[in-house]
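Q: Below you will find the structure I want to go over with you.
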Amino acid sequence: MKTLIAAASVAAALVVPATASFAQDVPDAVKARQGQFRIMAINLGILGEMARGNTEYDAEAAQNAADTLVAISGVHQPPLWPEGTDTMSIDGTRAEPAIWENLDDVLSKWSDFGDAAAQLQTVAADGQQALGPALGQVGNACKACHDTYRAPE
């Protein structure tokens, strides 16, 4: 259950507060990557609430949320990470400069997220009990990247 809560928390934390995003003219690539993290957070939230029993389990909604996570994982990442869009270069992002020193690692972690999302997709419609473990794996994949490459608030 802690991993489940961590998954939703990690995805939500990846999102930059709206006020920071609009404080300056943020490049489109940054807006796009922040948008994908917002979509992830919304869908992880839907699944997390169902898995915890805070929302009634709905197989169709769970499947749609999992399908969306898989779709997001399929977004080709390199164009969303141009050099010069880190915390040291612009306001409105929490992307650490280390991303560009280790982009292959970031892309590998993104692939791990996609693999975990695909596993979640296969069980999302199987009931509330199936969500927790699979969602935990998605959370672990998100956390691995988040803890390494996101600046603290």
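Within each chain, counting starts at residue 1; across the structure tokens, chains are named A, B, ... in the order shown, with ligands numbered 1 upward in that order.
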Extract, using only C-alpha atoms, all DNA, RNA and protein residues at most 12 Å from Asp58 of chain A, discarding same-chain residues fewer than 3 positions from it, and format them as a list in words.

A: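 Counting only C-alpha atoms, the residues come to Ile46, Leu47, Glu49, Met50, Ala51, Gly53, Asn54, Thr55, Ala61, Ala62, Gln63, Asn64, Ala65, Ala124, Ala125, Asp126, Gly127, Gln128 and Leu131 of chain A.
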
Q: Go ahead and write the selection's residues with N, CA and C atoms as an mmCIF file, in the first residue's frame.

A:
```
data_model
loop_
_atom_site.group_PDB
_atom_site.id
_atom_site.type_symbol
_atom_site.label_atom_id
_atom_site.label_comp_id
_atom_site.auth_asym_id
_atom_site.auth_seq_id
_atom_site.Cartn_x
_atom_site.Cartn_y
_atom_site.Cartn_z
ATOM 1 N N ILE A 46 -6.476 8.222 -10.279
ATOM 2 C CA ILE A 46 -7.706 7.446 -10.475
ATOM 3 C C ILE A 46 -7.488 6.008 -10.011
ATOM 4 N N LEU A 47 -6.399 5.418 -10.473
ATOM 5 C CA LEU A 47 -6.109 4.025 -10.117
ATOM 6 C C LEU A 47 -5.798 3.874 -8.634
ATOM 7 N N GLU A 49 -6.833 5.727 -6.114
ATOM 8 C CA GLU A 49 -8.056 5.860 -5.306
ATOM 9 C C GLU A 49 -8.878 4.576 -5.339
ATOM 10 N N MET A 50 -8.927 3.946 -6.496
ATOM 11 C CA MET A 50 -9.644 2.663 -6.590
ATOM 12 C C MET A 50 -8.919 1.575 -5.802
ATOM 13 N N ALA A 51 -7.611 1.507 -5.956
ATOM 14 C CA ALA A 51 -6.834 0.461 -5.281
ATOM 15 C C ALA A 51 -6.937 0.578 -3.768
ATOM 16 N N GLY A 53 -9.471 1.775 -2.228
ATOM 17 C CA GLY A 53 -10.866 1.652 -1.828
ATOM 18 C C GLY A 53 -11.519 2.979 -1.511
ATOM 19 N N ASN A 54 -10.859 4.084 -1.829
ATOM 20 C CA ASN A 54 -11.436 5.407 -1.589
ATOM 21 C C ASN A 54 -12.474 5.771 -2.642
ATOM 22 N N THR A 55 -12.399 5.108 -3.774
ATOM 23 C CA THR A 55 -13.358 5.263 -4.858
ATOM 24 C C THR A 55 -13.810 3.866 -5.241
ATOM 25 N N ALA A 61 -13.170 2.366 -16.060
ATOM 26 C CA ALA A 61 -12.340 3.529 -15.717
ATOM 27 C C ALA A 61 -10.901 3.097 -15.420
ATOM 28 N N ALA A 62 -10.743 1.971 -14.738
ATOM 29 C CA ALA A 62 -9.399 1.470 -14.433
ATOM 30 C C ALA A 62 -8.664 1.118 -15.720
ATOM 31 N N GLN A 63 -9.352 0.450 -16.619
ATOM 32 C CA GLN A 63 -8.726 0.074 -17.880
ATOM 33 C C GLN A 63 -8.363 1.310 -18.699
ATOM 34 N N ASN A 64 -9.258 2.290 -18.729
ATOM 35 C CA ASN A 64 -8.972 3.527 -19.465
ATOM 36 C C ASN A 64 -7.754 4.243 -18.889
ATOM 37 N N ALA A 65 -7.658 4.297 -17.570
ATOM 38 C CA ALA A 65 -6.511 4.954 -16.934
ATOM 39 C C ALA A 65 -5.218 4.206 -17.252
ATOM 40 N N ALA A 124 -5.700 -4.289 -15.097
ATOM 41 C CA ALA A 124 -6.522 -3.172 -14.613
ATOM 42 C C ALA A 124 -8.001 -3.510 -14.511
ATOM 43 N N ALA A 125 -8.498 -4.301 -15.421
ATOM 44 C CA ALA A 125 -9.921 -4.638 -15.416
ATOM 45 C C ALA A 125 -10.227 -5.892 -14.599
ATOM 46 N N ASP A 126 -9.229 -6.425 -13.888
ATOM 47 C CA ASP A 126 -9.404 -7.675 -13.148
ATOM 48 C C ASP A 126 -9.857 -7.490 -11.703
ATOM 49 N N GLY A 127 -10.118 -6.274 -11.294
ATOM 50 C CA GLY A 127 -10.617 -6.041 -9.947
ATOM 51 C C GLY A 127 -9.663 -5.224 -9.095
ATOM 52 N N GLN A 128 -10.198 -4.710 -8.009
ATOM 53 C CA GLN A 128 -9.449 -3.834 -7.114
ATOM 54 C C GLN A 128 -8.187 -4.500 -6.581
ATOM 55 N N LEU A 131 -5.065 -4.288 -8.774
ATOM 56 C CA LEU A 131 -4.470 -2.975 -9.029
ATOM 57 C C LEU A 131 -3.247 -2.691 -8.165
#
```

Q: Find, counting only C-alpha atoms, the residue in A:Ser111, A:Asn102, A:Gln129, A:Asn43 that gets nearest to Gly74 of chain A.

A: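 Of A:Ser111, A:Asn102, A:Gln129, A:Asn43, the one nearest Gly74 of chain A is A:Ser111, counting only C-alpha atoms.
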
Q: Neighbouring residues of Val26 of chain A were defined as those with any atom within 10 Å, considering only C-alpha atoms; residues of the same chain fewer than 6 positions away were excluded. Please report them as a list in words.

A: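 The neighbour list is Ala20, Thr85, Ile90, Asp91, Gly92 and Thr93 of chain A.
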
Q: Could you tell me which of A:Phe113, A:Tyr57, A:Phe37, A:Trp100 comes closest to Gly84 of chain A if we count only C-alpha atoms?

A: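 Of all the options, A:Trp100 lies closest to Gly84 of chain A.
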
Q: List as a PyMOL selection string the protein and nucleic acid residues near Ala66 of chain A, meaning an atom at most 12 Å away when only C-alpha atoms are counted, but skip any in the same chain fewer than 6 places from it.

A: chain A and resi 39-48+59-60+72-73+113-126+131+134-135+138

Q: Counting only C-alpha atoms, what is within 12 Å of segment 95-99 of chain A, bar same-chain residues fewer than 2 positions away, as a tab-separated table (two decimals) with N, CA, C and O atoms, in the first residue's frame?

A:
```
chain	number	residue	atom	x	y	z
A	13	ALA	N	4.10	14.86	-7.74
A	13	ALA	CA	5.26	15.71	-7.47
A	13	ALA	C	6.03	16.06	-8.73
A	13	ALA	O	6.74	17.06	-8.77
A	14	LEU	N	5.89	15.25	-9.77
A	14	LEU	CA	6.57	15.55	-11.01
A	14	LEU	C	6.00	16.78	-11.69
A	14	LEU	O	6.63	17.41	-12.51
A	15	VAL	N	4.77	17.09	-11.35
A	15	VAL	CA	4.09	18.21	-11.97
A	15	VAL	C	4.54	19.51	-11.31
A	15	VAL	O	4.54	19.63	-10.10
A	16	VAL	N	4.91	20.46	-12.10
A	16	VAL	CA	5.32	21.77	-11.59
A	16	VAL	C	4.06	22.57	-11.32
A	16	VAL	O	3.13	22.56	-12.13
A	30	VAL	N	9.27	21.77	-22.69
A	30	VAL	CA	9.05	21.67	-21.24
A	30	VAL	C	7.56	21.57	-20.95
A	30	VAL	O	7.13	20.75	-20.13
A	33	ARG	N	6.50	17.98	-21.76
A	33	ARG	CA	6.89	16.95	-20.79
A	33	ARG	C	6.14	17.14	-19.48
A	33	ARG	O	5.74	16.18	-18.84
A	34	GLN	N	5.89	18.39	-19.08
A	34	GLN	CA	5.10	18.62	-17.88
A	34	GLN	C	3.66	18.15	-18.08
A	34	GLN	O	3.05	17.59	-17.17
A	78	PRO	N	13.11	11.93	-26.45
A	78	PRO	CA	14.21	12.86	-26.71
A	78	PRO	C	13.81	14.29	-27.10
A	78	PRO	O	14.40	15.25	-26.60
A	80	LEU	N	11.49	16.00	-26.00
A	80	LEU	CA	10.96	16.70	-24.82
A	80	LEU	C	12.06	17.11	-23.85
A	80	LEU	O	11.79	17.79	-22.85
A	81	TRP	N	13.29	16.72	-24.14
A	81	TRP	CA	14.40	16.96	-23.23
A	81	TRP	C	15.56	17.69	-23.93
A	81	TRP	O	16.70	17.25	-23.85
A	82	PRO	N	15.30	18.82	-24.58
A	82	PRO	CA	16.41	19.54	-25.21
A	82	PRO	C	17.34	20.13	-24.15
A	82	PRO	O	16.89	20.50	-23.05
A	83	GLU	N	18.62	20.18	-24.48
A	83	GLU	CA	19.57	20.79	-23.56
A	83	GLU	C	19.15	22.24	-23.30
A	83	GLU	O	18.58	22.90	-24.16
A	84	GLY	N	19.45	22.70	-22.10
A	84	GLY	CA	19.10	24.07	-21.74
A	84	GLY	C	17.71	24.21	-21.16
A	84	GLY	O	17.21	25.33	-21.00
A	85	THR	N	17.06	23.08	-20.82
A	85	THR	CA	15.73	23.16	-20.20
A	85	THR	C	15.74	22.53	-18.81
A	85	THR	O	14.80	21.89	-18.39
A	86	ASP	N	16.83	22.78	-18.10
A	86	ASP	CA	16.97	22.26	-16.74
A	86	ASP	C	16.79	23.41	-15.74
A	86	ASP	O	16.65	24.56	-16.12
A	87	THR	N	16.82	23.06	-14.46
A	87	THR	CA	16.60	24.04	-13.39
A	87	THR	C	17.64	25.16	-13.37
A	87	THR	O	17.35	26.25	-12.91
A	88	MET	N	18.83	24.87	-13.86
A	88	MET	CA	19.89	25.88	-13.85
A	88	MET	C	19.77	26.84	-15.04
A	88	MET	O	20.34	27.92	-15.01
A	89	SER	N	19.01	26.45	-16.05
A	89	SER	CA	18.92	27.25	-17.26
A	89	SER	C	17.65	28.07	-17.36
A	89	SER	O	17.66	29.16	-17.92
A	90	ILE	N	16.54	27.54	-16.83
A	90	ILE	CA	15.26	28.24	-16.92
A	90	ILE	C	14.46	28.04	-15.64
A	90	ILE	O	14.66	27.07	-14.92
A	91	ASP	N	13.55	28.96	-15.40
A	91	ASP	CA	12.59	28.81	-14.32
A	91	ASP	C	11.41	28.00	-14.88
A	91	ASP	O	11.18	27.97	-16.07
A	92	GLY	N	10.67	27.38	-13.99
A	92	GLY	CA	9.47	26.66	-14.40
A	92	GLY	C	9.69	25.19	-14.67
A	92	GLY	O	8.83	24.53	-15.22
A	93	THR	N	10.84	24.66	-14.26
A	93	THR	CA	11.09	23.23	-14.39
A	93	THR	C	11.85	22.75	-13.15
A	93	THR	O	12.50	23.54	-12.48
A	101	GLU	N	23.37	14.69	-18.64
A	101	GLU	CA	24.62	13.93	-18.50
A	101	GLU	C	24.35	12.43	-18.57
A	101	GLU	O	25.27	11.65	-18.81
A	102	ASN	N	23.09	12.05	-18.33
A	102	ASN	CA	22.71	10.64	-18.24
A	102	ASN	C	21.42	10.36	-19.03
A	102	ASN	O	20.57	9.59	-18.57
A	103	LEU	N	21.26	10.98	-20.18
A	103	LEU	CA	20.00	10.86	-20.90
A	103	LEU	C	19.67	9.39	-21.23
A	103	LEU	O	18.50	9.00	-21.18
A	104	ASP	N	20.67	8.59	-21.52
A	104	ASP	CA	20.41	7.17	-21.79
A	104	ASP	C	19.78	6.49	-20.57
A	104	ASP	O	18.89	5.65	-20.71
A	105	ASP	N	20.24	6.84	-19.37
A	105	ASP	CA	19.66	6.29	-18.15
A	105	ASP	C	18.22	6.76	-17.98
A	105	ASP	O	17.35	5.98	-17.59
A	106	VAL	N	17.98	8.03	-18.24
A	106	VAL	CA	16.62	8.57	-18.14
A	106	VAL	C	15.70	7.83	-19.10
A	106	VAL	O	14.59	7.41	-18.73
A	107	LEU	N	16.15	7.64	-20.32
A	107	LEU	CA	15.33	6.94	-21.31
A	107	LEU	C	15.12	5.48	-20.93
A	107	LEU	O	14.05	4.92	-21.18
A	108	SER	N	16.11	4.87	-20.29
A	108	SER	CA	15.96	3.51	-19.80
A	108	SER	C	14.90	3.45	-18.70
A	108	SER	O	14.07	2.53	-18.67
A	109	LYS	N	14.94	4.42	-17.81
A	109	LYS	CA	13.95	4.48	-16.73
A	109	LYS	C	12.55	4.73	-17.31
A	109	LYS	O	11.55	4.19	-16.82
A	145	CYS	N	13.26	7.27	-11.32
A	145	CYS	CA	13.68	8.43	-12.11
A	145	CYS	C	13.53	9.71	-11.29
A	145	CYS	O	14.43	10.55	-11.26
A	146	HIS	N	12.41	9.84	-10.64
A	146	HIS	CA	12.11	11.04	-9.85
A	146	HIS	C	13.18	11.31	-8.81
A	146	HIS	O	13.66	12.43	-8.67
A	147	ASP	N	13.57	10.28	-8.08
A	147	ASP	CA	14.53	10.47	-6.99
A	147	ASP	C	15.92	10.84	-7.50
A	147	ASP	O	16.71	11.42	-6.77
A	148	THR	N	16.22	10.50	-8.73
A	148	THR	CA	17.53	10.76	-9.30
A	148	THR	C	17.60	12.10	-10.04
A	148	THR	O	18.61	12.80	-9.98
A	149	TYR	N	16.52	12.45	-10.72
A	149	TYR	CA	16.60	13.54	-11.69
A	149	TYR	C	15.65	14.71	-11.49
A	149	TYR	O	15.53	15.55	-12.35
A	150	ARG	N	15.00	14.80	-10.36
A	150	ARG	CA	14.09	15.92	-10.12
A	150	ARG	C	14.60	16.73	-8.95
A	150	ARG	O	14.90	16.21	-7.89
A	151	ALA	N	14.66	18.04	-9.16
A	151	ALA	CA	15.12	18.95	-8.11
A	151	ALA	C	14.08	19.01	-6.99
A	151	ALA	O	12.88	18.96	-7.26
A	152	PRO	N	14.53	19.14	-5.76
A	152	PRO	CA	13.57	19.27	-4.65
A	152	PRO	C	12.84	20.61	-4.74
A	152	PRO	O	13.31	21.54	-5.38
A	153	GLU	N	11.70	20.64	-4.09
A	153	GLU	CA	10.91	21.87	-4.09
A	153	GLU	C	11.55	22.92	-3.23
A	153	GLU	O	12.25	22.71	-2.34
```

Q: So which bits of chain A end up alpha helix (DSSP H) when you DSSP the backbone, as a PyMOL selection string?

A: chain A and resi 2-14+18-21+28-52+59-73+98-101+103-123+128-149

Q: Could those selected residues go to a file with C-alpha atoms, as an mmCIF file, in the first residue's frame?

A:
```cif
data_model
loop_
_atom_site.group_PDB
_atom_site.id
_atom_site.type_symbol
_atom_site.label_atom_id
_atom_site.label_comp_id
_atom_site.auth_asym_id
_atom_site.auth_seq_id
_atom_site.Cartn_x
_atom_site.Cartn_y
_atom_site.Cartn_z
ATOM 1 C CA LYS A 2 2.902 2.359 0.722
ATOM 2 C CA THR A 3 4.191 1.812 -2.809
ATOM 3 C CA LEU A 4 0.733 2.585 -4.158
ATOM 4 C CA ILE A 5 0.598 5.858 -2.270
ATOM 5 C CA ALA A 6 4.157 6.602 -3.367
ATOM 6 C CA ALA A 7 3.178 6.064 -7.011
ATOM 7 C CA ALA A 8 0.474 8.699 -6.877
ATOM 8 C CA SER A 9 2.673 11.020 -4.840
ATOM 9 C CA VAL A 10 5.615 10.695 -7.218
ATOM 10 C CA ALA A 11 3.488 11.419 -10.266
ATOM 11 C CA ALA A 12 1.869 14.390 -8.578
ATOM 12 C CA ALA A 13 5.257 15.706 -7.468
ATOM 13 C CA LEU A 14 6.574 15.550 -11.014
ATOM 14 C CA ALA A 18 0.876 26.065 -12.517
ATOM 15 C CA THR A 19 2.100 29.389 -11.205
ATOM 16 C CA ALA A 20 5.721 28.439 -11.806
ATOM 17 C CA SER A 21 4.938 27.228 -15.312
ATOM 18 C CA ASP A 28 7.141 24.055 -25.674
ATOM 19 C CA ALA A 29 9.240 20.959 -24.983
ATOM 20 C CA VAL A 30 9.054 21.674 -21.240
ATOM 21 C CA LYS A 31 5.304 22.298 -21.436
ATOM 22 C CA ALA A 32 4.906 19.006 -23.283
ATOM 23 C CA ARG A 33 6.889 16.949 -20.791
ATOM 24 C CA GLN A 34 5.102 18.616 -17.875
ATOM 25 C CA GLY A 35 1.815 17.855 -19.609
ATOM 26 C CA GLN A 36 2.667 14.184 -19.881
ATOM 27 C CA PHE A 37 3.484 14.124 -16.162
ATOM 28 C CA ARG A 38 0.133 15.775 -15.399
ATOM 29 C CA ILE A 39 -1.643 13.125 -17.451
ATOM 30 C CA MET A 40 0.292 10.454 -15.580
ATOM 31 C CA ALA A 41 -0.628 11.993 -12.218
ATOM 32 C CA ILE A 42 -4.327 12.169 -13.059
ATOM 33 C CA ASN A 43 -4.472 8.559 -14.176
ATOM 34 C CA LEU A 44 -2.324 7.246 -11.338
ATOM 35 C CA GLY A 45 -4.633 9.122 -8.998
ATOM 36 C CA ILE A 46 -7.706 7.446 -10.475
ATOM 37 C CA LEU A 47 -6.109 4.025 -10.117
ATOM 38 C CA GLY A 48 -4.705 4.752 -6.674
ATOM 39 C CA GLU A 49 -8.056 5.860 -5.306
ATOM 40 C CA MET A 50 -9.644 2.663 -6.590
ATOM 41 C CA ALA A 51 -6.834 0.461 -5.281
ATOM 42 C CA ARG A 52 -7.089 2.017 -1.808
ATOM 43 C CA ALA A 59 -13.277 -1.801 -14.418
ATOM 44 C CA GLU A 60 -13.820 0.462 -17.418
ATOM 45 C CA ALA A 61 -12.340 3.529 -15.717
ATOM 46 C CA ALA A 62 -9.399 1.470 -14.433
ATOM 47 C CA GLN A 63 -8.726 0.074 -17.880
ATOM 48 C CA ASN A 64 -8.972 3.527 -19.465
ATOM 49 C CA ALA A 65 -6.511 4.954 -16.934
ATOM 50 C CA ALA A 66 -4.066 2.091 -17.482
ATOM 51 C CA ASP A 67 -4.431 2.413 -21.255
ATOM 52 C CA THR A 68 -3.625 6.108 -20.959
ATOM 53 C CA LEU A 69 -0.472 5.377 -18.949
ATOM 54 C CA VAL A 70 0.670 2.960 -21.643
ATOM 55 C CA ALA A 71 -0.067 5.557 -24.313
ATOM 56 C CA ILE A 72 1.955 8.180 -22.436
ATOM 57 C CA SER A 73 4.826 5.731 -22.047
ATOM 58 C CA ALA A 98 22.136 15.521 -14.500
ATOM 59 C CA ILE A 99 19.428 14.408 -16.938
ATOM 60 C CA TRP A 100 21.501 15.608 -19.867
ATOM 61 C CA GLU A 101 24.622 13.931 -18.503
ATOM 62 C CA LEU A 103 19.997 10.856 -20.904
ATOM 63 C CA ASP A 104 20.406 7.167 -21.791
ATOM 64 C CA ASP A 105 19.662 6.288 -18.151
ATOM 65 C CA VAL A 106 16.619 8.574 -18.141
ATOM 66 C CA LEU A 107 15.332 6.943 -21.313
ATOM 67 C CA SER A 108 15.957 3.505 -19.804
ATOM 68 C CA LYS A 109 13.949 4.478 -16.732
ATOM 69 C CA TRP A 110 11.192 5.774 -19.036
ATOM 70 C CA SER A 111 11.199 2.373 -20.741
ATOM 71 C CA ASP A 112 10.896 0.700 -17.313
ATOM 72 C CA PHE A 113 7.848 2.885 -16.643
ATOM 73 C CA GLY A 114 6.380 1.714 -19.959
ATOM 74 C CA ASP A 115 6.980 -1.935 -19.082
ATOM 75 C CA ALA A 116 5.331 -1.494 -15.682
ATOM 76 C CA ALA A 117 2.411 0.400 -17.240
ATOM 77 C CA ALA A 118 1.945 -2.426 -19.757
ATOM 78 C CA GLN A 119 1.787 -4.947 -16.902
ATOM 79 C CA LEU A 120 -0.760 -2.755 -15.129
ATOM 80 C CA GLN A 121 -2.761 -2.557 -18.335
ATOM 81 C CA THR A 122 -3.104 -6.353 -18.408
ATOM 82 C CA VAL A 123 -4.711 -6.503 -14.935
ATOM 83 C CA GLN A 128 -9.449 -3.834 -7.114
ATOM 84 C CA GLN A 129 -7.108 -6.456 -5.649
ATOM 85 C CA ALA A 130 -5.150 -6.705 -8.900
ATOM 86 C CA LEU A 131 -4.470 -2.975 -9.029
ATOM 87 C CA GLY A 132 -2.284 -2.584 -5.940
ATOM 88 C CA PRO A 133 0.709 -4.751 -6.863
ATOM 89 C CA ALA A 134 0.765 -3.642 -10.508
ATOM 90 C CA LEU A 135 0.346 0.002 -9.580
ATOM 91 C CA GLY A 136 3.167 -0.401 -7.081
ATOM 92 C CA GLN A 137 5.479 -1.460 -9.900
ATOM 93 C CA VAL A 138 4.541 1.647 -11.884
ATOM 94 C CA GLY A 139 5.247 3.714 -8.784
ATOM 95 C CA ASN A 140 8.651 2.094 -8.347
ATOM 96 C CA ALA A 141 9.535 2.896 -11.957
ATOM 97 C CA CYS A 142 8.449 6.523 -11.555
ATOM 98 C CA LYS A 143 10.241 6.869 -8.230
ATOM 99 C CA ALA A 144 13.536 5.553 -9.659
ATOM 100 C CA CYS A 145 13.680 8.430 -12.114
ATOM 101 C CA HIS A 146 12.107 11.037 -9.850
ATOM 102 C CA ASP A 147 14.526 10.470 -6.991
ATOM 103 C CA THR A 148 17.533 10.763 -9.301
ATOM 104 C CA TYR A 149 16.603 13.536 -11.693
#
```
